[in-house]
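Structure below is my_file_25.cif: mmCIF, N, CA and C atoms.
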```
data_work
loop_
_atom_site.group_PDB
_atom_site.id
_atom_site.type_symbol
_atom_site.label_atom_id
_atom_site.label_comp_id
_atom_site.auth_asym_id
_atom_site.auth_seq_id
_atom_site.Cartn_x
_atom_site.Cartn_y
_atom_site.Cartn_z
ATOM 1 N N MET A 53 -11.169 -24.424 -95.074
ATOM 2 C CA MET A 53 -9.836 -24.952 -94.830
ATOM 3 C C MET A 53 -9.830 -25.629 -93.467
ATOM 4 N N GLY A 54 -9.141 -26.736 -93.344
ATOM 5 C CA GLY A 54 -9.072 -27.477 -92.093
ATOM 6 C C GLY A 54 -7.951 -26.973 -91.200
ATOM 7 N N SER A 55 -7.835 -27.597 -90.067
ATOM 8 C CA SER A 55 -6.756 -27.254 -89.143
ATOM 9 C C SER A 55 -6.224 -28.542 -88.519
ATOM 10 N N VAL A 56 -5.021 -28.441 -87.996
ATOM 11 C CA VAL A 56 -4.373 -29.572 -87.335
ATOM 12 C C VAL A 56 -4.011 -29.134 -85.929
ATOM 13 N N ALA A 57 -4.308 -29.985 -84.969
ATOM 14 C CA ALA A 57 -4.007 -29.666 -83.574
ATOM 15 C C ALA A 57 -3.028 -30.688 -83.020
ATOM 16 N N ARG A 58 -2.348 -30.298 -81.980
ATOM 17 C CA ARG A 58 -1.431 -31.180 -81.279
ATOM 18 C C ARG A 58 -1.852 -31.237 -79.826
ATOM 19 N N ILE A 59 -1.571 -32.355 -79.179
ATOM 20 C CA ILE A 59 -1.887 -32.525 -77.767
ATOM 21 C C ILE A 59 -0.586 -32.761 -77.010
ATOM 22 N N THR A 60 -0.431 -32.056 -75.900
ATOM 23 C CA THR A 60 0.741 -32.241 -75.059
ATOM 24 C C THR A 60 0.284 -32.500 -73.630
ATOM 25 N N ASN A 61 1.040 -33.287 -72.898
ATOM 26 C CA ASN A 61 0.715 -33.619 -71.509
ATOM 27 C C ASN A 61 1.504 -32.725 -70.561
ATOM 28 N N ILE A 62 0.803 -32.170 -69.584
ATOM 29 C CA ILE A 62 1.480 -31.387 -68.550
ATOM 30 C C ILE A 62 0.905 -31.766 -67.188
ATOM 31 N N SER A 63 1.675 -31.474 -66.167
ATOM 32 C CA SER A 63 1.251 -31.693 -64.791
ATOM 33 C C SER A 63 1.338 -30.354 -64.077
ATOM 34 N N ALA A 64 0.339 -30.044 -63.271
ATOM 35 C CA ALA A 64 0.323 -28.773 -62.546
ATOM 36 C C ALA A 64 -0.089 -29.018 -61.098
ATOM 37 N N ARG A 65 0.445 -28.204 -60.202
ATOM 38 C CA ARG A 65 0.195 -28.369 -58.767
ATOM 39 C C ARG A 65 -0.258 -27.066 -58.133
ATOM 40 N N SER A 66 -1.016 -27.185 -57.065
ATOM 41 C CA SER A 66 -1.475 -26.019 -56.303
ATOM 42 C C SER A 66 -1.675 -26.441 -54.852
ATOM 43 N N GLU A 67 -1.455 -25.533 -53.965
ATOM 44 C CA GLU A 67 -1.731 -25.775 -52.545
ATOM 45 C C GLU A 67 -3.160 -25.395 -52.193
ATOM 46 N N GLN A 68 -3.909 -24.822 -53.172
ATOM 47 C CA GLN A 68 -5.251 -24.306 -52.912
ATOM 48 C C GLN A 68 -6.365 -25.306 -53.237
ATOM 49 N N SER A 69 -6.378 -25.806 -54.502
ATOM 50 C CA SER A 69 -7.487 -26.654 -54.954
ATOM 51 C C SER A 69 -7.152 -27.269 -56.308
ATOM 52 N N PHE A 70 -7.987 -28.247 -56.730
ATOM 53 C CA PHE A 70 -7.849 -28.803 -58.065
ATOM 54 C C PHE A 70 -8.125 -27.732 -59.110
ATOM 55 N N ASP A 71 -9.151 -26.919 -58.900
ATOM 56 C CA ASP A 71 -9.474 -25.843 -59.844
ATOM 57 C C ASP A 71 -8.285 -24.907 -60.035
ATOM 58 N N ASP A 72 -7.613 -24.575 -58.947
ATOM 59 C CA ASP A 72 -6.459 -23.692 -59.029
ATOM 60 C C ASP A 72 -5.315 -24.377 -59.766
ATOM 61 N N ALA A 73 -5.122 -25.677 -59.556
ATOM 62 C CA ALA A 73 -4.081 -26.413 -60.273
ATOM 63 C C ALA A 73 -4.354 -26.402 -61.773
ATOM 64 N N VAL A 74 -5.609 -26.575 -62.174
ATOM 65 C CA VAL A 74 -5.971 -26.509 -63.593
ATOM 66 C C VAL A 74 -5.686 -25.116 -64.130
ATOM 67 N N ARG A 75 -6.082 -24.093 -63.403
ATOM 68 C CA ARG A 75 -5.836 -22.699 -63.827
ATOM 69 C C ARG A 75 -4.345 -22.446 -64.013
ATOM 70 N N VAL A 76 -3.533 -22.881 -63.049
ATOM 71 C CA VAL A 76 -2.078 -22.706 -63.120
ATOM 72 C C VAL A 76 -1.526 -23.409 -64.363
ATOM 73 N N GLY A 77 -1.981 -24.627 -64.618
ATOM 74 C CA GLY A 77 -1.509 -25.373 -65.779
ATOM 75 C C GLY A 77 -1.877 -24.712 -67.092
ATOM 76 N N ILE A 78 -3.108 -24.248 -67.205
ATOM 77 C CA ILE A 78 -3.563 -23.595 -68.438
ATOM 78 C C ILE A 78 -2.835 -22.271 -68.655
ATOM 79 N N GLU A 79 -2.653 -21.506 -67.588
ATOM 80 C CA GLU A 79 -1.928 -20.234 -67.715
ATOM 81 C C GLU A 79 -0.499 -20.468 -68.194
ATOM 82 N N ARG A 80 0.144 -21.489 -67.630
ATOM 83 C CA ARG A 80 1.534 -21.782 -68.024
ATOM 84 C C ARG A 80 1.593 -22.292 -69.456
ATOM 85 N N ALA A 81 0.674 -23.175 -69.840
ATOM 86 C CA ALA A 81 0.642 -23.684 -71.206
ATOM 87 C C ALA A 81 0.405 -22.540 -72.191
ATOM 88 N N ASN A 82 -0.496 -21.635 -71.849
ATOM 89 C CA ASN A 82 -0.816 -20.511 -72.725
ATOM 90 C C ASN A 82 0.363 -19.555 -72.875
ATOM 91 N N ALA A 83 1.227 -19.485 -71.866
ATOM 92 C CA ALA A 83 2.400 -18.619 -71.940
ATOM 93 C C ALA A 83 3.463 -19.205 -72.879
ATOM 94 N N THR A 84 3.448 -20.519 -73.074
ATOM 95 C CA THR A 84 4.459 -21.197 -73.890
ATOM 96 C C THR A 84 3.939 -21.587 -75.262
ATOM 97 N N LEU A 85 2.696 -22.044 -75.329
ATOM 98 C CA LEU A 85 2.106 -22.540 -76.571
ATOM 99 C C LEU A 85 1.157 -21.508 -77.165
ATOM 100 N N ARG A 86 1.112 -21.455 -78.484
ATOM 101 C CA ARG A 86 0.170 -20.556 -79.151
ATOM 102 C C ARG A 86 -1.106 -21.309 -79.497
ATOM 103 N N LYS A 87 -2.202 -20.606 -79.493
ATOM 104 C CA LYS A 87 -3.509 -21.116 -79.914
ATOM 105 C C LYS A 87 -3.988 -22.305 -79.076
ATOM 106 N N VAL A 88 -3.847 -22.194 -77.751
ATOM 107 C CA VAL A 88 -4.386 -23.225 -76.865
ATOM 108 C C VAL A 88 -5.905 -23.219 -77.006
ATOM 109 N N GLN A 89 -6.477 -24.389 -77.270
ATOM 110 C CA GLN A 89 -7.912 -24.510 -77.521
ATOM 111 C C GLN A 89 -8.683 -25.144 -76.377
ATOM 112 N N GLY A 90 -8.010 -25.948 -75.564
ATOM 113 C CA GLY A 90 -8.713 -26.613 -74.479
ATOM 114 C C GLY A 90 -7.810 -27.601 -73.775
ATOM 115 N N ALA A 91 -8.373 -28.254 -72.767
ATOM 116 C CA ALA A 91 -7.599 -29.243 -72.014
ATOM 117 C C ALA A 91 -8.536 -30.280 -71.429
ATOM 118 N N TRP A 92 -8.012 -31.452 -71.244
ATOM 119 C CA TRP A 92 -8.720 -32.563 -70.624
ATOM 120 C C TRP A 92 -7.981 -32.914 -69.342
ATOM 121 N N VAL A 93 -8.690 -32.940 -68.229
ATOM 122 C CA VAL A 93 -8.094 -33.346 -66.956
ATOM 123 C C VAL A 93 -8.083 -34.873 -66.946
ATOM 124 N N LYS A 94 -6.900 -35.447 -67.122
ATOM 125 C CA LYS A 94 -6.754 -36.896 -67.201
ATOM 126 C C LYS A 94 -6.721 -37.548 -65.831
ATOM 127 N N ASP A 95 -6.140 -36.859 -64.860
ATOM 128 C CA ASP A 95 -5.944 -37.472 -63.555
ATOM 129 C C ASP A 95 -5.834 -36.386 -62.500
ATOM 130 N N GLN A 96 -6.220 -36.754 -61.289
ATOM 131 C CA GLN A 96 -6.094 -35.856 -60.139
ATOM 132 C C GLN A 96 -5.519 -36.654 -58.980
ATOM 133 N N LYS A 97 -4.683 -36.002 -58.190
ATOM 134 C CA LYS A 97 -4.211 -36.652 -56.977
ATOM 135 C C LYS A 97 -3.878 -35.595 -55.938
ATOM 136 N N VAL A 98 -3.815 -36.017 -54.708
ATOM 137 C CA VAL A 98 -3.456 -35.110 -53.616
ATOM 138 C C VAL A 98 -2.276 -35.691 -52.865
ATOM 139 N N GLU A 99 -1.528 -34.806 -52.218
ATOM 140 C CA GLU A 99 -0.497 -35.210 -51.278
ATOM 141 C C GLU A 99 -1.013 -34.875 -49.893
ATOM 142 N N VAL A 100 -0.804 -35.803 -48.969
ATOM 143 C CA VAL A 100 -1.332 -35.653 -47.616
ATOM 144 C C VAL A 100 -0.171 -35.689 -46.621
ATOM 145 N N GLU A 101 -0.246 -34.781 -45.662
ATOM 146 C CA GLU A 101 0.756 -34.734 -44.602
ATOM 147 C C GLU A 101 0.040 -34.497 -43.281
ATOM 148 N N GLY A 102 0.213 -35.385 -42.341
ATOM 149 C CA GLY A 102 -0.425 -35.241 -41.038
ATOM 150 C C GLY A 102 -1.942 -35.282 -41.118
ATOM 151 N N GLY A 103 -2.465 -35.999 -42.096
ATOM 152 C CA GLY A 103 -3.919 -36.094 -42.253
ATOM 153 C C GLY A 103 -4.545 -34.943 -43.004
ATOM 154 N N ASN A 104 -3.736 -33.989 -43.445
ATOM 155 C CA ASN A 104 -4.251 -32.826 -44.177
ATOM 156 C C ASN A 104 -3.734 -32.821 -45.609
ATOM 157 N N ILE A 105 -4.574 -32.379 -46.523
ATOM 158 C CA ILE A 105 -4.146 -32.235 -47.916
ATOM 159 C C ILE A 105 -3.200 -31.051 -48.009
ATOM 160 N N THR A 106 -2.018 -31.311 -48.569
ATOM 161 C CA THR A 106 -1.023 -30.242 -48.699
ATOM 162 C C THR A 106 -0.852 -29.766 -50.135
ATOM 163 N N VAL A 107 -1.112 -30.667 -51.100
ATOM 164 C CA VAL A 107 -0.940 -30.314 -52.512
ATOM 165 C C VAL A 107 -2.009 -31.010 -53.348
ATOM 166 N N PHE A 108 -2.574 -30.249 -54.293
ATOM 167 C CA PHE A 108 -3.498 -30.770 -55.291
ATOM 168 C C PHE A 108 -2.732 -30.823 -56.612
ATOM 169 N N GLN A 109 -2.802 -31.944 -57.306
ATOM 170 C CA GLN A 109 -2.075 -32.089 -58.567
ATOM 171 C C GLN A 109 -3.009 -32.621 -59.644
ATOM 172 N N VAL A 110 -2.866 -32.075 -60.860
ATOM 173 C CA VAL A 110 -3.654 -32.537 -61.999
ATOM 174 C C VAL A 110 -2.724 -32.875 -63.160
ATOM 175 N N ALA A 111 -3.120 -33.883 -63.925
ATOM 176 C CA ALA A 111 -2.461 -34.205 -65.187
ATOM 177 C C ALA A 111 -3.404 -33.736 -66.290
ATOM 178 N N LEU A 112 -2.893 -32.911 -67.176
ATOM 179 C CA LEU A 112 -3.703 -32.314 -68.237
ATOM 180 C C LEU A 112 -3.194 -32.723 -69.614
ATOM 181 N N GLU A 113 -4.113 -32.931 -70.542
ATOM 182 C CA GLU A 113 -3.792 -33.027 -71.953
ATOM 183 C C GLU A 113 -4.262 -31.719 -72.575
ATOM 184 N N VAL A 114 -3.329 -30.910 -73.017
ATOM 185 C CA VAL A 114 -3.624 -29.582 -73.555
ATOM 186 C C VAL A 114 -3.608 -29.659 -75.078
ATOM 187 N N THR A 115 -4.658 -29.146 -75.700
ATOM 188 C CA THR A 115 -4.774 -29.130 -77.162
ATOM 189 C C THR A 115 -4.486 -27.739 -77.688
ATOM 190 N N PHE A 116 -3.611 -27.678 -78.691
ATOM 191 C CA PHE A 116 -3.335 -26.386 -79.343
ATOM 192 C C PHE A 116 -3.245 -26.584 -80.845
ATOM 193 N N VAL A 117 -3.660 -25.566 -81.595
ATOM 194 C CA VAL A 117 -3.717 -25.630 -83.049
ATOM 195 C C VAL A 117 -2.355 -25.264 -83.626
ATOM 196 N N LEU A 118 -1.887 -26.074 -84.550
ATOM 197 C CA LEU A 118 -0.600 -25.796 -85.219
ATOM 198 C C LEU A 118 -0.789 -24.733 -86.283
ATOM 199 N N GLU A 119 0.210 -23.900 -86.420
ATOM 200 C CA GLU A 119 0.166 -22.827 -87.430
ATOM 201 C C GLU A 119 0.651 -23.346 -88.766
#
```

So, in terms of structure tokens, how does the structure I just supplied come out?
Amino acid sequence: MGSVARITNISARSEQSFDDAVRVGIERANATLRKVQGAWVKDQKVEVEGGNITVFQVALEVTFVLE
């Protein structure tokens, strides 16, 4: 039997790192969506203040299987 998946776009931010932003996004998606299968990091950006990185942001495409 086959399966059908859906993809949704989310944005996640962290003051720590890109890896942490991805983790935050996946944790939040998993809390809302069932059967999360994976994610693609589409884009990354940082916010800079006074020459220092203050925020790491990622755009994710999250794939989840429909029931």

Stretch 71-75 of chain A, all listed atoms, 8 Å padding on each side: what axis-aligned box centre and edge lengths in Å to one decimal come out, as lines of an AutoDock Vina configuration file?
```
center_x = -6.8
center_y = -24.7
center_z = -61.5
size_x = 21.4
size_y = 20.5
size_z = 21.2
```

Legend entry - DSSP strand (DSSP E) selection over stretch 57-113 of chain A, as a ChimeraX atom specification: /A:57-66,88-101,104-113

Selected residues, N, CA and C atoms, written as a CSV table (one decimal), in the coordinates of the input, please.
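The resulting file, again.csv, is reproduced below:
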```
chain,number,residue,atom,x,y,z
A,57,ALA,N,-4.3,-30.0,-85.0
A,57,ALA,CA,-4.0,-29.7,-83.6
A,57,ALA,C,-3.0,-30.7,-83.0
A,58,ARG,N,-2.3,-30.3,-82.0
A,58,ARG,CA,-1.4,-31.2,-81.3
A,58,ARG,C,-1.9,-31.2,-79.8
A,59,ILE,N,-1.6,-32.4,-79.2
A,59,ILE,CA,-1.9,-32.5,-77.8
A,59,ILE,C,-0.6,-32.8,-77.0
A,60,THR,N,-0.4,-32.1,-75.9
A,60,THR,CA,0.7,-32.2,-75.1
A,60,THR,C,0.3,-32.5,-73.6
A,61,ASN,N,1.0,-33.3,-72.9
A,61,ASN,CA,0.7,-33.6,-71.5
A,61,ASN,C,1.5,-32.7,-70.6
A,62,ILE,N,0.8,-32.2,-69.6
A,62,ILE,CA,1.5,-31.4,-68.6
A,62,ILE,C,0.9,-31.8,-67.2
A,63,SER,N,1.7,-31.5,-66.2
A,63,SER,CA,1.3,-31.7,-64.8
A,63,SER,C,1.3,-30.4,-64.1
A,64,ALA,N,0.3,-30.0,-63.3
A,64,ALA,CA,0.3,-28.8,-62.5
A,64,ALA,C,-0.1,-29.0,-61.1
A,65,ARG,N,0.4,-28.2,-60.2
A,65,ARG,CA,0.2,-28.4,-58.8
A,65,ARG,C,-0.3,-27.1,-58.1
A,66,SER,N,-1.0,-27.2,-57.1
A,66,SER,CA,-1.5,-26.0,-56.3
A,66,SER,C,-1.7,-26.4,-54.9
A,88,VAL,N,-3.8,-22.2,-77.8
A,88,VAL,CA,-4.4,-23.2,-76.9
A,88,VAL,C,-5.9,-23.2,-77.0
A,89,GLN,N,-6.5,-24.4,-77.3
A,89,GLN,CA,-7.9,-24.5,-77.5
A,89,GLN,C,-8.7,-25.1,-76.4
A,90,GLY,N,-8.0,-25.9,-75.6
A,90,GLY,CA,-8.7,-26.6,-74.5
A,90,GLY,C,-7.8,-27.6,-73.8
A,91,ALA,N,-8.4,-28.3,-72.8
A,91,ALA,CA,-7.6,-29.2,-72.0
A,91,ALA,C,-8.5,-30.3,-71.4
A,92,TRP,N,-8.0,-31.5,-71.2
A,92,TRP,CA,-8.7,-32.6,-70.6
A,92,TRP,C,-8.0,-32.9,-69.3
A,93,VAL,N,-8.7,-32.9,-68.2
A,93,VAL,CA,-8.1,-33.3,-67.0
A,93,VAL,C,-8.1,-34.9,-66.9
A,94,LYS,N,-6.9,-35.4,-67.1
A,94,LYS,CA,-6.8,-36.9,-67.2
A,94,LYS,C,-6.7,-37.5,-65.8
A,95,ASP,N,-6.1,-36.9,-64.9
A,95,ASP,CA,-5.9,-37.5,-63.6
A,95,ASP,C,-5.8,-36.4,-62.5
A,96,GLN,N,-6.2,-36.8,-61.3
A,96,GLN,CA,-6.1,-35.9,-60.1
A,96,GLN,C,-5.5,-36.7,-59.0
A,97,LYS,N,-4.7,-36.0,-58.2
A,97,LYS,CA,-4.2,-36.7,-57.0
A,97,LYS,C,-3.9,-35.6,-55.9
A,98,VAL,N,-3.8,-36.0,-54.7
A,98,VAL,CA,-3.5,-35.1,-53.6
A,98,VAL,C,-2.3,-35.7,-52.9
A,99,GLU,N,-1.5,-34.8,-52.2
A,99,GLU,CA,-0.5,-35.2,-51.3
A,99,GLU,C,-1.0,-34.9,-49.9
A,100,VAL,N,-0.8,-35.8,-49.0
A,100,VAL,CA,-1.3,-35.7,-47.6
A,100,VAL,C,-0.2,-35.7,-46.6
A,101,GLU,N,-0.2,-34.8,-45.7
A,101,GLU,CA,0.8,-34.7,-44.6
A,101,GLU,C,0.0,-34.5,-43.3
A,104,ASN,N,-3.7,-34.0,-43.4
A,104,ASN,CA,-4.3,-32.8,-44.2
A,104,ASN,C,-3.7,-32.8,-45.6
A,105,ILE,N,-4.6,-32.4,-46.5
A,105,ILE,CA,-4.1,-32.2,-47.9
A,105,ILE,C,-3.2,-31.1,-48.0
A,106,THR,N,-2.0,-31.3,-48.6
A,106,THR,CA,-1.0,-30.2,-48.7
A,106,THR,C,-0.9,-29.8,-50.1
A,107,VAL,N,-1.1,-30.7,-51.1
A,107,VAL,CA,-0.9,-30.3,-52.5
A,107,VAL,C,-2.0,-31.0,-53.3
A,108,PHE,N,-2.6,-30.2,-54.3
A,108,PHE,CA,-3.5,-30.8,-55.3
A,108,PHE,C,-2.7,-30.8,-56.6
A,109,GLN,N,-2.8,-31.9,-57.3
A,109,GLN,CA,-2.1,-32.1,-58.6
A,109,GLN,C,-3.0,-32.6,-59.6
A,110,VAL,N,-2.9,-32.1,-60.9
A,110,VAL,CA,-3.7,-32.5,-62.0
A,110,VAL,C,-2.7,-32.9,-63.2
A,111,ALA,N,-3.1,-33.9,-63.9
A,111,ALA,CA,-2.5,-34.2,-65.2
A,111,ALA,C,-3.4,-33.7,-66.3
A,112,LEU,N,-2.9,-32.9,-67.2
A,112,LEU,CA,-3.7,-32.3,-68.2
A,112,LEU,C,-3.2,-32.7,-69.6
A,113,GLU,N,-4.1,-32.9,-70.5
A,113,GLU,CA,-3.8,-33.0,-72.0
A,113,GLU,C,-4.3,-31.7,-72.6
```

Inset, instruction - Would you please work out which residue, of A:Ala81, A:Val88, A:Ile62, A:Ala73, is nearest to A:Val117 when using all atoms listed in the file? - result: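 Smallest distance to A:Val117 is found for A:Val88.
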
Inset, instruction - Run the PyMOL selection byres ((chain A and resi 114) around 8) against the file shown and list the residues it catches, as a ChimeraX atom specification. - result: /A:58-62,78,81,88-93,111-113,115-117

Inset, instruction - Between A:Lys94, A:Ser63, A:Leu118, A:Ala57, single out the one closest to A:Gly77, counting only C-alpha atoms. - result: A:Ser63

Legend entry - Atom-to-atom span, atom CA of A:Val100 and atom CA of A:Val74, Å: 19.0 Å

Legend entry - Residue nearest A:Val76 among A:Glu99, A:Glu119, A:Gly54, A:Val110 (counting only C-alpha atoms):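 Ranked by minimum distance to A:Val76, first place goes to A:Val110.
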
Inset, instruction - Enumerate, as a PyMOL selection string, the complete set of residues in chain A that a backbone-based DSSP assignment places in alpha helix (DSSP H). - result: chain A and resi 70-84

With only C-alpha atoms as the counted atoms, please give the residues lying no more than 10 Å from stretch 102-107 of chain A, apart from itself and same-chain residues fewer than 5 positions off, as an mmCIF file with N, CA and C atoms, in the coordinates of the input.
```cif
data_model
loop_
_atom_site.group_PDB
_atom_site.id
_atom_site.type_symbol
_atom_site.label_atom_id
_atom_site.label_comp_id
_atom_site.auth_asym_id
_atom_site.auth_seq_id
_atom_site.Cartn_x
_atom_site.Cartn_y
_atom_site.Cartn_z
ATOM 1 N N ARG A 65 0.445 -28.204 -60.202
ATOM 2 C CA ARG A 65 0.195 -28.369 -58.767
ATOM 3 C C ARG A 65 -0.258 -27.066 -58.133
ATOM 4 N N SER A 66 -1.016 -27.185 -57.065
ATOM 5 C CA SER A 66 -1.475 -26.019 -56.303
ATOM 6 C C SER A 66 -1.675 -26.441 -54.852
ATOM 7 N N GLU A 67 -1.455 -25.533 -53.965
ATOM 8 C CA GLU A 67 -1.731 -25.775 -52.545
ATOM 9 C C GLU A 67 -3.160 -25.395 -52.193
ATOM 10 N N GLN A 68 -3.909 -24.822 -53.172
ATOM 11 C CA GLN A 68 -5.251 -24.306 -52.912
ATOM 12 C C GLN A 68 -6.365 -25.306 -53.237
ATOM 13 N N SER A 69 -6.378 -25.806 -54.502
ATOM 14 C CA SER A 69 -7.487 -26.654 -54.954
ATOM 15 C C SER A 69 -7.152 -27.269 -56.308
ATOM 16 N N PHE A 70 -7.987 -28.247 -56.730
ATOM 17 C CA PHE A 70 -7.849 -28.803 -58.065
ATOM 18 C C PHE A 70 -8.125 -27.732 -59.110
ATOM 19 N N ALA A 73 -5.122 -25.677 -59.556
ATOM 20 C CA ALA A 73 -4.081 -26.413 -60.273
ATOM 21 C C ALA A 73 -4.354 -26.402 -61.773
ATOM 22 N N LYS A 97 -4.683 -36.002 -58.190
ATOM 23 C CA LYS A 97 -4.211 -36.652 -56.977
ATOM 24 C C LYS A 97 -3.878 -35.595 -55.938
#
```
